[in-house]
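Student: Got a structure for you, questions after.
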Amino acid sequence: MAFERVRNSRGEALREAVAAPLRRPPSLAWQRAFAVAVAALTVGVVSAGYLLYAGLGVLGLDRAVGWGVLITNFVFWIGVGHAGTFISAVLYLLRQPWRAAVSRSAEAMTLIAVLCAGLFPLIHLGRPALWFYLLPYPNSRGPLWMNFRSPLVWDMLAVGTYFTVSLGFWYWGLIPDLAALRRRVPGWRGRLYGRLSLGWDASVGTWAAYERTYFYLAALATPLVISVHSVVSLDFAVTVLPGWHSTAMPPYFVVGALYSGFALVLVLSLLARRTQEARALIGEDAVESLAKVYLALAVFMAWFYLGEVVFAWRGSEGAAWATLQERYTGEGCWRTWLMLVANIGLPQLLWHPRLRSHPGLLLGLALSTLAGMWLERWILIAGSLEQGYLPSSATALHCTVFDFGITVGAFGLFFTVYLLFLRVFPAFALSDLERAQAGEIQR
Amino acid sequence: MSRMRLYARFADEERWKDAEKQWLVQGWEPVAGFRPFAPVEVHASPGPPFGLWVALAGLGCASVMFLFETYVAVWSWPLSLGGKPDFSWPAFVPPAFEAGILGAATVALGLGLHALTHQPPETRPLDFPDEGGFWWAVEGEDGEALYASALALGTEHCVWEVLP
């Protein structure tokens, strides 16, 4: 009998649907999105380049507001990455089949977002070439170490761990899919898939070894979802600044991170449906499930905003209450009200079932949430520094064109790398999709 | 009579599982199974020693990090921070936790990579990950009888090879 190709017809359609966008030339929608992303990235590169040449003075920082837009961007992007790990690890452990459609792009989102986030503390150092001072290494200046009691050092270790574990988790999940596609995608990508799939043979023994490792990586990544942004929040919570010094900060940050992350996953899923022509892979049910989680997180955020007010109002710290009053009624109160509308007002539309499956509305809501969550970070970081205990701290941060340029550039970097990812690696978890499909057939 | 190996594809997971049981009852030897996604039952069996190594790596890395921080803060580079004691151990916990997770995840990934890259080397007539579907490789002396049993079990397609 000849060794002919006898591809399974049921899985074949799915495999072809995942492989086809990688074989086709980029769609017009992809090219347009890429052009916009590269333009934004260029703005960021020029802004960051001039900042590195001229120094941090080109930003809007002053003697009271030492952490401005750069640290706002850092906190925002770290938070955005959380949804990827949540979908990959937590929803995997909870056996949620709808995650299959969005898990791979969410994992990539995590990696790219953490890379974007990592740039900001480096730029904020002012002298990025000396970043290695943050590492604990034996040196020639005597017993000189970094201070392990500083949350900034915890932050670096937490973000580094998060990135490393997320990278391993992403690669491990890709292995079976790369093997399945190594002969279907021509050229250098097919050869790369062959190398990276490590001789995967799809045997039961291989699957057992694979699942065992995947289970442990998921179990280890789950506490990271909680710990990383909790540690980031401690950068603020362990200070004595009113507006920052609160034990509610870690859960507040974690929920905010998941919320902004799910908003971006929604944007990316809708983008992939359009640019990869993948409506069959990211079905209405997956989009609706994402929208439900997004709505639930919006309600959680409302609860935390309310809690923040109650804690400050009923607490014994007068300065914290004054800071909060300034946020809601002061000169820059428009930021707070705009943020509240974007983060907890508009998403309430999704209580209506028909609106949860409307792509245009979902995209608009998710984008407004991203803007709202960025504003929230800005209000929390710069807004609190604008108050403080001392009358001399009462300043207002005046952002410069370089603050905005670097912020725009970060979005440009994220979307440029993400769109390139869509062209190089499969954007869908093929084996998970096949499992989900088989489950549906059995039901 | 030379020994034969038959590769038989089944339409779905249920028939694939049933075929293994039937072949074992009939005295044939299913030597390997291939499938497009992980079997559900392997989810629930992540026991030792894999788990033991991962746990030991996590606890070991966390302990080493904690001791390192203690050495730095108490002996090598004691800093007076607002009168706090040098051995302010609660502040050492977050880095130790992160180091523990990193160590455990690294060992889990390393053991997984070792397991994947040290499967028994074997040349197969089909690239099963590319083909997709549910397959069994079954061996026996009587190729025709083996083929007939595969057909009786509802196989969709068969490929056979003569073993050396």
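Residues in the structure tokens are numbered from 1 in each chain, the chains being A, B, ... in the order shown, and ligands are numbered from 1 in the order shown.
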Would you give me, as a short mmCIF file (atom, residue, chain, number, x, y, z; two decimals) with C-alpha atoms, in the first residue's frame, the residues of chain A that come within 8 Å of chain B, using only C-alpha atoms?
Tutor:
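Generated file (part23.cif):
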```cif
data_model
loop_
_atom_site.label_atom_id
_atom_site.label_comp_id
_atom_site.auth_asym_id
_atom_site.auth_seq_id
_atom_site.Cartn_x
_atom_site.Cartn_y
_atom_site.Cartn_z
CA MET A 1 0.00 0.00 0.00
CA ALA A 2 1.35 3.41 -0.90
CA PHE A 3 2.06 5.83 1.90
CA ARG A 5 -1.52 11.47 2.58
CA VAL A 6 -4.79 10.55 4.25
CA ARG A 7 -5.63 13.70 6.13
CA ASN A 8 -8.53 13.51 8.50
CA ARG A 10 -12.91 16.70 10.26
CA GLY A 11 -9.71 18.20 11.64
CA GLU A 12 -8.49 19.10 8.18
CA PRO A 143 30.05 44.96 49.66
CA LEU A 144 27.61 47.11 47.69
CA TRP A 145 24.23 45.55 46.98
CA ASN A 147 18.29 47.14 48.72
CA PHE A 148 16.16 44.01 48.76
CA ARG A 149 13.70 45.75 51.07
CA SER A 150 12.72 48.15 48.30
CA TRP A 154 10.71 43.34 44.09
CA LEU A 157 12.23 40.47 40.06
CA ALA A 158 8.46 40.00 39.72
CA THR A 161 9.82 36.16 36.55
CA THR A 164 10.23 34.30 31.76
CA VAL A 165 7.39 32.03 32.89
CA GLY A 168 8.01 29.31 28.57
CA PRO A 176 1.91 20.68 19.05
CA ALA A 179 4.28 20.30 14.51
CA ALA A 180 0.83 20.18 12.93
CA LEU A 181 1.63 23.12 10.67
CA ARG A 182 5.29 22.48 9.85
CA ARG A 183 4.45 20.99 6.44
CA ARG A 184 1.56 23.29 5.70
CA LEU A 198 11.26 19.21 18.75
CA GLY A 199 10.28 16.14 16.74
CA TRP A 200 6.72 16.11 18.11
CA ASP A 201 4.98 12.88 17.02
CA ALA A 202 1.49 13.29 18.57
CA SER A 203 1.73 9.91 20.31
CA VAL A 204 -0.14 9.31 23.54
CA THR A 206 4.22 12.51 24.09
CA TRP A 207 0.86 14.04 24.94
CA ALA A 208 1.10 12.72 28.50
CA ALA A 209 4.54 14.31 28.98
CA TYR A 210 3.27 17.50 27.39
CA GLU A 211 0.11 17.80 29.49
CA ARG A 212 1.94 17.08 32.72
CA THR A 213 4.31 19.99 32.08
CA PHE A 215 -0.48 21.56 34.02
CA TYR A 216 2.45 22.52 36.25
CA LEU A 217 3.28 25.61 34.23
CA LEU A 220 2.74 28.08 38.64
CA VAL A 231 4.02 43.75 43.77
CA SER A 431 -4.96 21.44 19.45
CA ASP A 432 -7.22 23.26 21.93
CA GLU A 434 -9.69 20.52 18.00
CA ARG A 435 -10.41 19.42 21.54
CA ALA A 438 -14.52 17.22 19.51
#
```
Student: Near A:Val401, within 10 Å and counting only C-alpha atoms, which residues show up once chain neighbours fewer than 2 positions away are dropped, as JSON, numbers by chain?
Tutor: {"A": [47, 58, 59, 60, 398, 399, 403, 404, 405, 406, 407]}
Student: Just the strand (DSSP E or B) stuff from chain B, please, per backbone DSSP, written as a list in words.
Tutor: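 Reading the DSSP output for chain B, strand (DSSP E or B) covers Met4, Arg5, Leu6, Tyr7, Ala8, Arg9, Phe10, Glu29, Pro30, Val31, Ala32, Gly33, Phe34, Phe134, Trp135, Trp136, Ala137, Val138, Glu139, Gly140, His157, Cys158, Val159, Trp160, Glu161 and Val162 of chain B.
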Student: Nearest residue to A:Ala427 out of A:Ala410, A:Ala108, A:Ala286, A:Leu234, using only C-alpha atoms?
Tutor: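 Going through A:Ala410, A:Ala108, A:Ala286, A:Leu234 one by one, the smallest distance to A:Ala427 is for A:Ala108.
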Student: Show which residues sit within 9 Å of A:Pro21, as a PyMOL selection string. Count only C-alpha atoms, and ignore same-chain residues fewer than 4 positions away.
Tutor: chain A and resi 16-17+25-27+276-278+422-423+426
